[in-house]
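For reference, the structure is listed below as structure tokens.
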Amino acid sequence: SSASHSTPGLRRPEIVAIRWPHVERGNAGGGRLFVPRSKADQEGAGAYAYLSARTMAALAAWRAACGGARDGALFRRLHRTRDKSGADIWSIGTALTAQSVTLIYRAMLDTANAAGLLGSIDAAEYDAWRTSLTAHSTRVGLTQDLFVAGQDLAGIMQALRWKSPAQPARYAQALSVEA
């Protein structure tokens, strides 16, 4: 799942709260992300999420693009201007907002649709699907992908930091009636 590649089942407020010091290098190229606070962790004890070697490589490239950043927000706005010849000039701006996360997911969906990657879908169905796409829906999709891949409930709860088994179990049940 692409959601697991870039944001390991994170909620919008968690995504925009990530700072460079929260990313820790592990063994074999992988790493971990410290999530300092979440909806399920009101005490603020924090939790860790796994980052694959592929994600760590992408973060290294992003860090280089950010001038070797060691502090501040990890996910930032990109600003595009053009020079006199019409060439794009990109600059890195301020931290993302929670609303911008949803806009990015929808822009990614638009790009996939324009490239024909969604198959045959009519405009009304696409618009309904696009409107319902949120960071939470990617979390639900990742939960369901993990169930389909054969992961057990306890492992999914740990990986995605679910506090109670009720919600991920409902997503698994929804899958079973679709099959």
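Chain labels A, B, ... are given in the sequence in which chains occur in the structure tokens; within each chain residues are numbered consecutively from 1, and ligands are likewise numbered from 1 in the order shown.
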- Message: Give me, as number ranges by chain, all polymer residues having an atom no more than 7 Å from Trp90 of chain A, counting only C-alpha atoms and skipping those fewer than 4 positions away in the same chain.
- Response: A: 78-81
Restricted to N, CA and C atoms, what would the selected residues look like written as a PDB file, in the first residue's frame?
```pdb
ATOM      1  N   LEU A  78       5.460  22.674  -0.886  1.00  0.00           N
ATOM      2  CA  LEU A  78       6.350  22.972  -2.004  1.00  0.00           C
ATOM      3  C   LEU A  78       5.730  24.117  -2.791  1.00  0.00           C
ATOM      4  N   HIS A  79       6.543  25.080  -3.129  1.00  0.00           N
ATOM      5  CA  HIS A  79       6.080  26.228  -3.905  1.00  0.00           C
ATOM      6  C   HIS A  79       6.765  26.201  -5.267  1.00  0.00           C
ATOM      7  N   ARG A  80       5.968  26.405  -6.318  1.00  0.00           N
ATOM      8  CA  ARG A  80       6.523  26.414  -7.671  1.00  0.00           C
ATOM      9  C   ARG A  80       6.364  27.794  -8.280  1.00  0.00           C
ATOM     10  N   THR A  81       7.451  28.292  -8.787  1.00  0.00           N
ATOM     11  CA  THR A  81       7.424  29.502  -9.595  1.00  0.00           C
ATOM     12  C   THR A  81       8.102  29.150 -10.912  1.00  0.00           C
TER      13      THR A  81
END
```
- Message: Residues within 10 Å of Asp145 of chain A, please, as a list in words. Count only C-alpha atoms; anything in the same chain fewer than 4 positions from it doesn't count.
- Response: Ser1, Ser4, Arg139, Val140, Gly141, Ala149, Gly150, Gln151, Ala172 and Leu175 of chain A
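Proximity to Ala95 of chain A was assessed for A:Tyr48, A:Trp20, A:Tyr126, A:Phe147 counting only C-alpha atoms; the smallest distance is recorded for A:Trp20.
Taking only C-alpha atoms into account, Gly67 of chain A lies nearest to A:Ser91 out of the set A:Gln167, A:Ser91, A:Ser120, A:Gln158.
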- Task: From segment 7-174 of chain A, collect each residue whose DSSP state is helix (DSSP H, G or I) and return the set as a VMD selection string.
- Result: chain A and resid 12 to 17 20 to 22 53 to 65 98 to 114 123 to 132 135 to 148 153 to 160 166 to 174
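Separating atom CA of Ile15 of chain A from atom CA of Ser52 of chain A is a distance of 16.7 Å.
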I'd like the contact shell of segment 23-40 of chain A - 10 Å cut-off, only C-alpha atoms, skipping same-chain residues fewer than 3 positions apart - returned as a CSV table (one decimal) with all heavy atoms, in the first residue's frame.
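Result saved to selection-v4.csv:
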```csv
chain,number,residue,atom,x,y,z
A,7,THR,N,3.2,7.2,5.0
A,7,THR,CA,2.7,7.5,6.3
A,7,THR,C,2.1,6.2,6.9
A,7,THR,O,1.0,5.8,6.6
A,7,THR,CB,1.6,8.6,6.2
A,7,THR,OG1,0.6,8.1,5.4
A,7,THR,CG2,2.2,9.9,5.7
A,8,PRO,N,2.9,5.6,7.8
A,8,PRO,CA,2.5,4.3,8.3
A,8,PRO,C,1.2,4.3,9.1
A,8,PRO,O,1.2,4.1,10.3
A,8,PRO,CB,3.7,3.8,9.1
A,8,PRO,CG,4.4,5.1,9.5
A,8,PRO,CD,4.1,6.1,8.4
A,10,LEU,N,-0.8,6.7,9.7
A,10,LEU,CA,-0.9,7.9,10.6
A,10,LEU,C,-2.2,8.7,10.3
A,10,LEU,O,-2.7,8.7,9.2
A,10,LEU,CB,0.2,8.8,10.4
A,10,LEU,CG,1.6,8.3,10.7
A,10,LEU,CD1,2.7,9.3,10.4
A,10,LEU,CD2,1.7,7.9,12.2
A,11,ARG,N,-2.7,9.3,11.4
A,11,ARG,CA,-3.8,10.3,11.3
A,11,ARG,C,-3.3,11.6,10.8
A,11,ARG,O,-2.1,11.9,11.0
A,11,ARG,CB,-4.5,10.4,12.6
A,11,ARG,CG,-5.1,9.1,13.1
A,11,ARG,CD,-5.5,9.2,14.6
A,11,ARG,NE,-6.2,8.0,15.0
A,11,ARG,CZ,-5.5,7.0,15.6
A,11,ARG,NH1,-4.2,7.0,15.8
A,11,ARG,NH2,-6.1,5.9,16.0
A,12,ARG,N,-4.1,12.5,10.3
A,12,ARG,CA,-3.7,13.8,9.8
A,12,ARG,C,-2.9,14.6,10.8
A,12,ARG,O,-1.8,15.1,10.5
A,12,ARG,CB,-4.9,14.6,9.3
A,12,ARG,CG,-5.4,14.1,8.0
A,12,ARG,CD,-6.5,15.0,7.5
A,12,ARG,NE,-7.4,15.6,8.5
A,12,ARG,CZ,-8.2,16.6,8.3
A,12,ARG,NH1,-8.3,17.2,7.1
A,12,ARG,NH2,-8.9,17.1,9.3
A,13,PRO,N,-3.4,14.7,12.1
A,13,PRO,CA,-2.6,15.5,13.0
A,13,PRO,C,-1.3,14.9,13.4
A,13,PRO,O,-0.3,15.6,13.6
A,13,PRO,CB,-3.5,15.5,14.3
A,13,PRO,CG,-4.9,15.2,13.8
A,13,PRO,CD,-4.7,14.3,12.6
A,14,GLU,N,-1.2,13.6,13.3
A,14,GLU,CA,0.1,12.9,13.5
A,14,GLU,C,1.1,13.2,12.3
A,14,GLU,O,2.3,13.4,12.6
A,14,GLU,CB,-0.1,11.4,13.6
A,14,GLU,CG,-0.9,11.0,14.8
A,14,GLU,CD,-1.4,9.6,14.8
A,14,GLU,OE1,-1.3,8.9,13.8
A,14,GLU,OE2,-1.9,9.1,15.9
A,15,ILE,N,0.6,13.2,11.1
A,15,ILE,CA,1.4,13.4,9.9
A,15,ILE,C,2.0,14.8,10.0
A,15,ILE,O,3.2,15.0,9.9
A,15,ILE,CB,0.6,13.3,8.6
A,15,ILE,CG1,0.2,11.9,8.4
A,15,ILE,CG2,1.4,13.8,7.4
A,15,ILE,CD1,-0.9,11.7,7.3
A,17,ALA,N,2.5,16.7,12.6
A,17,ALA,CA,3.3,16.9,13.8
A,17,ALA,C,4.7,16.3,13.7
A,17,ALA,O,5.5,16.5,14.5
A,17,ALA,CB,2.6,16.3,15.0
A,18,ILE,N,5.0,15.5,12.6
A,18,ILE,CA,6.3,14.8,12.5
A,18,ILE,C,7.4,15.8,12.3
A,18,ILE,O,7.3,16.7,11.5
A,18,ILE,CB,6.3,13.8,11.4
A,18,ILE,CG1,5.2,12.7,11.6
A,18,ILE,CG2,7.6,13.2,11.2
A,18,ILE,CD1,5.0,11.8,10.4
A,19,ARG,N,8.4,15.7,13.1
A,19,ARG,CA,9.6,16.5,13.0
A,19,ARG,C,10.8,15.6,12.7
A,19,ARG,O,10.8,14.4,12.9
A,19,ARG,CB,9.9,17.2,14.3
A,19,ARG,CG,8.8,18.1,14.8
A,19,ARG,CD,8.6,19.3,13.8
A,19,ARG,NE,7.6,20.2,14.2
A,19,ARG,CZ,6.4,20.2,13.6
A,19,ARG,NH1,6.0,19.4,12.7
A,19,ARG,NH2,5.5,21.2,14.0
A,20,TRP,N,11.8,16.1,12.1
A,20,TRP,CA,13.0,15.3,11.7
A,20,TRP,C,13.6,14.5,12.8
A,20,TRP,O,13.9,13.3,12.6
A,20,TRP,CB,14.1,16.2,11.1
A,20,TRP,CG,13.8,16.6,9.7
A,20,TRP,CD1,13.4,17.8,9.2
A,20,TRP,CD2,13.8,15.7,8.5
A,20,TRP,NE1,13.2,17.8,7.8
A,20,TRP,CE2,13.4,16.5,7.4
A,20,TRP,CE3,14.1,14.4,8.4
A,20,TRP,CZ2,13.3,15.9,6.1
A,20,TRP,CZ3,14.0,13.8,7.1
A,20,TRP,CH2,13.6,14.6,6.0
A,43,GLU,N,-2.3,10.5,26.8
A,43,GLU,CA,-1.4,10.8,27.9
A,43,GLU,C,0.0,11.3,27.3
A,43,GLU,O,0.8,11.8,28.0
A,43,GLU,CB,-1.1,9.5,28.7
A,43,GLU,CG,-2.3,8.9,29.3
A,43,GLU,CD,-3.1,8.0,28.4
A,43,GLU,OE1,-2.5,7.4,27.4
A,43,GLU,OE2,-4.3,8.0,28.5
A,44,GLY,N,0.2,11.1,26.0
A,44,GLY,CA,1.4,11.6,25.4
A,44,GLY,C,2.6,10.7,25.6
A,44,GLY,O,3.7,11.2,25.5
A,45,ALA,N,2.4,9.5,25.9
A,45,ALA,CA,3.5,8.6,26.1
A,45,ALA,C,4.3,8.3,24.8
A,45,ALA,O,5.5,8.0,24.8
A,45,ALA,CB,3.1,7.2,26.6
A,46,GLY,N,3.6,8.4,23.6
A,46,GLY,CA,4.2,8.2,22.3
A,46,GLY,C,4.2,6.7,21.9
A,46,GLY,O,3.9,5.8,22.8
A,47,ALA,N,4.5,6.5,20.7
A,47,ALA,CA,4.5,5.1,20.1
A,47,ALA,C,5.5,5.2,18.9
A,47,ALA,O,5.8,6.2,18.5
A,47,ALA,CB,3.1,4.7,19.7
A,48,TYR,N,5.9,4.0,18.5
A,48,TYR,CA,6.8,3.9,17.3
A,48,TYR,C,6.1,3.2,16.2
A,48,TYR,O,5.2,2.3,16.4
A,48,TYR,CB,8.0,3.1,17.7
A,48,TYR,CG,9.0,3.9,18.6
A,48,TYR,CD1,8.9,3.8,19.9
A,48,TYR,CD2,9.9,4.7,17.9
A,48,TYR,CE1,9.8,4.6,20.7
A,48,TYR,CE2,10.8,5.4,18.7
A,48,TYR,CZ,10.7,5.4,20.1
A,48,TYR,OH,11.6,6.1,20.8
A,49,ALA,N,6.4,3.6,15.0
A,49,ALA,CA,5.9,3.0,13.8
A,49,ALA,C,7.2,2.6,12.9
A,49,ALA,O,8.2,3.3,12.9
A,49,ALA,CB,5.1,3.9,13.0
A,50,TYR,N,7.1,1.4,12.3
A,50,TYR,CA,8.2,0.9,11.4
A,50,TYR,C,8.3,1.7,10.1
A,50,TYR,O,7.3,2.1,9.5
A,50,TYR,CB,7.9,-0.6,11.1
A,50,TYR,CG,8.8,-1.1,10.0
A,50,TYR,CD1,10.1,-1.4,10.3
A,50,TYR,CD2,8.4,-1.3,8.7
A,50,TYR,CE1,11.0,-1.9,9.4
A,50,TYR,CE2,9.2,-1.8,7.8
A,50,TYR,CZ,10.5,-2.1,8.1
A,50,TYR,OH,11.4,-2.6,7.1
A,51,LEU,N,9.5,2.0,9.7
A,51,LEU,CA,9.8,2.6,8.4
A,51,LEU,C,10.7,1.7,7.6
A,51,LEU,O,11.7,1.3,8.1
A,51,LEU,CB,10.5,4.0,8.6
A,51,LEU,CG,9.7,5.0,9.4
A,51,LEU,CD1,10.5,6.3,9.6
A,51,LEU,CD2,8.4,5.4,8.6
A,52,SER,N,10.2,1.3,6.4
A,52,SER,CA,11.0,0.4,5.6
A,52,SER,C,12.2,1.1,5.0
A,52,SER,O,12.4,2.3,5.1
A,52,SER,CB,10.1,0.0,4.4
A,52,SER,OG,9.9,1.1,3.5
A,53,ALA,N,13.1,0.2,4.5
A,53,ALA,CA,14.4,0.7,3.9
A,53,ALA,C,14.0,1.7,2.7
A,53,ALA,O,14.7,2.7,2.5
A,53,ALA,CB,15.2,-0.4,3.4
A,54,ARG,N,13.0,1.4,2.0
A,54,ARG,CA,12.5,2.2,0.9
A,54,ARG,C,12.1,3.6,1.4
A,54,ARG,O,12.4,4.6,0.8
A,54,ARG,CB,11.4,1.5,0.1
A,54,ARG,CG,10.9,2.3,-1.0
A,54,ARG,CD,9.8,1.5,-1.8
A,54,ARG,NE,9.2,2.3,-2.7
A,54,ARG,CZ,8.0,2.1,-3.2
A,54,ARG,NH1,7.3,1.0,-2.9
A,54,ARG,NH2,7.4,2.9,-4.1
A,55,THR,N,11.3,3.6,2.5
A,55,THR,CA,10.9,4.9,3.1
A,55,THR,C,12.1,5.7,3.6
A,55,THR,O,12.2,6.9,3.4
A,55,THR,CB,9.9,4.6,4.2
A,55,THR,OG1,8.7,4.0,3.6
A,55,THR,CG2,9.5,5.9,4.9
A,56,MET,N,13.0,5.0,4.2
A,56,MET,CA,14.2,5.7,4.8
A,56,MET,C,15.0,6.3,3.6
A,56,MET,O,15.5,7.4,3.8
A,56,MET,CB,15.1,4.7,5.6
A,56,MET,CG,14.4,4.3,6.9
A,56,MET,SD,14.0,5.7,8.0
A,56,MET,CE,15.6,6.1,8.6
A,57,ALA,N,15.1,5.6,2.5
A,57,ALA,CA,15.8,6.1,1.3
A,57,ALA,C,15.1,7.4,0.8
A,57,ALA,O,15.8,8.4,0.4
A,57,ALA,CB,16.0,5.1,0.2
A,59,LEU,N,13.2,9.4,2.5
A,59,LEU,CA,13.4,10.4,3.5
A,59,LEU,C,14.8,11.0,3.4
A,59,LEU,O,15.0,12.2,3.6
A,59,LEU,CB,13.2,9.9,4.9
A,59,LEU,CG,11.7,9.6,5.2
A,59,LEU,CD1,11.6,9.0,6.6
A,59,LEU,CD2,10.9,10.9,5.2
A,70,ARG,N,17.8,19.0,10.0
A,70,ARG,CA,17.9,18.2,11.1
A,70,ARG,C,16.8,18.4,12.2
A,70,ARG,O,16.7,17.7,13.1
A,70,ARG,CB,19.3,18.4,11.8
A,70,ARG,CG,20.4,18.0,11.0
A,70,ARG,CD,20.7,16.5,11.1
A,70,ARG,NE,21.7,16.1,10.0
A,70,ARG,CZ,21.6,15.0,9.3
A,70,ARG,NH1,20.6,14.2,9.5
A,70,ARG,NH2,22.5,14.7,8.5
A,74,LEU,N,8.9,17.7,9.1
A,74,LEU,CA,9.3,16.8,8.0
A,74,LEU,C,8.5,17.0,6.7
A,74,LEU,O,9.1,17.2,5.7
A,74,LEU,CB,9.2,15.3,8.5
A,74,LEU,CG,9.7,14.3,7.5
A,74,LEU,CD1,10.8,13.5,8.2
A,74,LEU,CD2,8.6,13.4,7.0
A,161,ARG,N,-1.2,1.2,15.8
A,161,ARG,CA,-1.4,1.9,17.0
A,161,ARG,C,-2.9,2.0,17.4
A,161,ARG,O,-3.4,3.0,17.9
A,161,ARG,CB,-0.7,3.2,17.1
A,161,ARG,CG,0.8,3.1,16.9
A,161,ARG,CD,1.5,4.3,16.5
A,161,ARG,NE,0.8,5.1,15.5
A,161,ARG,CZ,0.7,4.9,14.2
A,161,ARG,NH1,1.3,3.8,13.7
A,161,ARG,NH2,0.0,5.7,13.4
A,162,TRP,N,-3.7,0.9,17.0
A,162,TRP,CA,-5.1,0.9,17.4
A,162,TRP,C,-5.1,0.7,18.9
A,162,TRP,O,-4.5,-0.3,19.4
A,162,TRP,CB,-5.9,-0.1,16.7
A,162,TRP,CG,-6.1,0.1,15.2
A,162,TRP,CD1,-5.4,-0.5,14.2
A,162,TRP,CD2,-7.0,1.0,14.6
A,162,TRP,NE1,-5.9,0.0,13.0
A,162,TRP,CE2,-6.9,0.9,13.2
A,162,TRP,CE3,-8.0,1.8,15.2
A,162,TRP,CZ2,-7.7,1.6,12.3
A,162,TRP,CZ3,-8.8,2.5,14.3
A,162,TRP,CH2,-8.6,2.4,12.9
A,163,LYS,N,-5.9,1.4,19.7
A,163,LYS,CA,-6.0,1.2,21.1
A,163,LYS,C,-7.0,0.1,21.5
A,163,LYS,O,-6.8,-0.7,22.4
A,163,LYS,CB,-6.5,2.5,21.8
A,163,LYS,CG,-6.3,2.5,23.3
A,163,LYS,CD,-6.5,3.9,23.9
A,163,LYS,CE,-6.1,3.9,25.3
A,163,LYS,NZ,-6.1,5.2,25.9
A,164,SER,N,-8.0,0.0,20.7
A,164,SER,CA,-9.1,-1.0,20.9
A,164,SER,C,-9.2,-1.9,19.7
A,164,SER,O,-9.1,-1.4,18.6
A,164,SER,CB,-10.4,-0.3,21.2
A,164,SER,OG,-11.5,-1.2,21.0
```
- Near Cys66 of chain A, counting only C-alpha atoms, which residues have an atom at most 10 Å away, once you skip same-chain residues fewer than 5 positions from it, shown as a ChimeraX atom specification? /A:60-61,74,76,91-93
- Query: In Å, with one decimal, what is the gap from atom CA of Ala166 of chain A to atom CA of Ser137 of chain A?
  - Reply: 16.5 Å
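Every protein or nucleic acid residue with an atom no more than 12 Å from Ser176 of chain A, counting only C-alpha atoms and leaving out same-chain residues fewer than 3 positions away, appears here: Gln144, Phe147, Val148, Ala169, Arg170, Tyr171, Ala172, Gln173 and Ala179 of chain A.
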Go ahead and write the residues just picked, N, CA and C atoms, as a tab-separated table (two decimals), in the first residue's frame.
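What landed in selection27.tsv:
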```tsv
chain	number	residue	atom	x	y	z
A	144	GLN	N	-7.31	-2.91	6.21
A	144	GLN	CA	-7.90	-3.99	5.41
A	144	GLN	C	-6.85	-4.72	4.58
A	147	PHE	N	-5.15	-7.19	6.81
A	147	PHE	CA	-5.98	-8.37	7.04
A	147	PHE	C	-5.94	-9.30	5.83
A	148	VAL	N	-6.08	-8.74	4.63
A	148	VAL	CA	-6.06	-9.55	3.41
A	148	VAL	C	-4.72	-10.26	3.25
A	169	ALA	N	-11.43	-4.61	13.83
A	169	ALA	CA	-12.25	-5.82	13.65
A	169	ALA	C	-13.46	-5.51	12.77
A	170	ARG	N	-14.04	-4.32	12.92
A	170	ARG	CA	-15.17	-3.92	12.05
A	170	ARG	C	-14.73	-3.83	10.60
A	171	TYR	N	-13.51	-3.30	10.36
A	171	TYR	CA	-13.02	-3.20	8.99
A	171	TYR	C	-12.79	-4.58	8.40
A	172	ALA	N	-12.32	-5.52	9.22
A	172	ALA	CA	-12.14	-6.91	8.75
A	172	ALA	C	-13.49	-7.54	8.44
A	173	GLN	N	-14.47	-7.27	9.28
A	173	GLN	CA	-15.80	-7.81	9.06
A	173	GLN	C	-16.42	-7.25	7.77
A	179	ALA	N	-16.55	-10.28	0.18
A	179	ALA	CA	-15.94	-11.41	-0.53
A	179	ALA	C	-16.95	-12.35	-1.11
```
- Task: May I have the residues within 12 Å of segment 107-112 of chain A as a ChimeraX atom specification, using only C-alpha atoms and disregarding those fewer than 3 positions away in the same chain?
- Result: /A:2-3,100-104,115-119,123,126-127,129-134,138
Written file, previous selection with N, CA, C and O atoms, as a CSV table (one decimal), in the first residue's frame:
```
chain,number,residue,atom,x,y,z
A,2,SER,N,0.5,2.2,-0.8
A,2,SER,CA,1.3,3.4,-0.8
A,2,SER,C,1.2,4.2,0.5
A,2,SER,O,2.1,4.9,0.9
A,3,ALA,N,0.0,4.1,1.1
A,3,ALA,CA,-0.1,4.8,2.4
A,3,ALA,C,0.9,4.3,3.4
A,3,ALA,O,1.4,5.0,4.2
A,100,SER,N,-4.2,20.2,4.3
A,100,SER,CA,-3.4,20.0,3.1
A,100,SER,C,-3.1,18.5,2.9
A,100,SER,O,-3.0,18.1,1.8
A,101,VAL,N,-3.2,17.7,4.0
A,101,VAL,CA,-2.9,16.2,3.8
A,101,VAL,C,-4.0,15.7,2.9
A,101,VAL,O,-3.8,14.9,2.0
A,102,THR,N,-5.3,16.0,3.2
A,102,THR,CA,-6.4,15.5,2.4
A,102,THR,C,-6.3,16.0,1.0
A,102,THR,O,-6.5,15.2,0.0
A,103,LEU,N,-5.9,17.2,0.8
A,103,LEU,CA,-5.8,17.8,-0.6
A,103,LEU,C,-4.7,17.0,-1.4
A,103,LEU,O,-4.8,16.8,-2.6
A,104,ILE,N,-3.6,16.7,-0.7
A,104,ILE,CA,-2.5,15.9,-1.3
A,104,ILE,C,-3.0,14.5,-1.7
A,104,ILE,O,-2.8,14.1,-2.9
A,115,ALA,N,-4.0,9.2,-15.4
A,115,ALA,CA,-3.0,8.2,-16.0
A,115,ALA,C,-3.7,6.9,-16.4
A,115,ALA,O,-3.1,6.0,-16.9
A,116,GLY,N,-5.1,6.8,-16.1
A,116,GLY,CA,-5.8,5.6,-16.4
A,116,GLY,C,-5.6,4.5,-15.5
A,116,GLY,O,-5.9,3.3,-15.8
A,117,LEU,N,-5.1,4.7,-14.3
A,117,LEU,CA,-4.7,3.7,-13.4
A,117,LEU,C,-5.9,3.2,-12.6
A,117,LEU,O,-5.8,2.2,-11.8
A,118,LEU,N,-7.0,3.8,-12.7
A,118,LEU,CA,-8.2,3.4,-11.9
A,118,LEU,C,-9.2,2.5,-12.7
A,118,LEU,O,-10.2,2.2,-12.1
A,119,GLY,N,-8.8,2.2,-13.9
A,119,GLY,CA,-9.7,1.4,-14.7
A,119,GLY,C,-10.9,2.2,-15.2
A,119,GLY,O,-10.9,3.4,-15.2
A,123,ALA,N,-17.8,9.3,-14.1
A,123,ALA,CA,-17.5,10.6,-13.4
A,123,ALA,C,-18.2,10.7,-12.1
A,123,ALA,O,-17.6,11.2,-11.1
A,126,TYR,N,-16.5,8.4,-9.6
A,126,TYR,CA,-15.1,9.0,-9.3
A,126,TYR,C,-15.3,10.2,-8.3
A,126,TYR,O,-14.6,10.3,-7.3
A,127,ASP,N,-16.2,11.1,-8.6
A,127,ASP,CA,-16.4,12.2,-7.7
A,127,ASP,C,-16.8,11.8,-6.3
A,127,ASP,O,-16.3,12.4,-5.4
A,129,TRP,N,-16.1,9.0,-4.9
A,129,TRP,CA,-14.9,8.3,-4.3
A,129,TRP,C,-13.9,9.4,-3.9
A,129,TRP,O,-13.3,9.3,-2.8
A,130,ARG,N,-13.7,10.4,-4.7
A,130,ARG,CA,-12.7,11.4,-4.4
A,130,ARG,C,-13.1,12.2,-3.2
A,130,ARG,O,-12.3,12.6,-2.3
A,131,THR,N,-14.4,12.5,-3.1
A,131,THR,CA,-14.9,13.3,-2.0
A,131,THR,C,-14.7,12.5,-0.6
A,131,THR,O,-14.5,13.1,0.4
A,132,SER,N,-14.9,11.2,-0.7
A,132,SER,CA,-14.8,10.4,0.5
A,132,SER,C,-13.3,10.1,0.9
A,132,SER,O,-13.1,9.6,2.0
A,133,LEU,N,-12.3,10.4,0.0
A,133,LEU,CA,-10.9,10.1,0.3
A,133,LEU,C,-10.4,11.1,1.4
A,133,LEU,O,-10.4,12.3,1.2
A,134,THR,N,-9.9,10.5,2.5
A,134,THR,CA,-9.3,11.2,3.6
A,134,THR,C,-8.1,10.5,4.1
A,134,THR,O,-7.9,9.3,3.7
A,138,THR,N,-7.4,6.2,4.2
A,138,THR,CA,-6.2,5.5,3.8
A,138,THR,C,-5.8,4.6,5.0
A,138,THR,O,-5.2,3.5,4.8
```
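Across the model, the gap from atom CA of Thr97 of chain A to atom CA of Asn113 of chain A is 24.7 Å.
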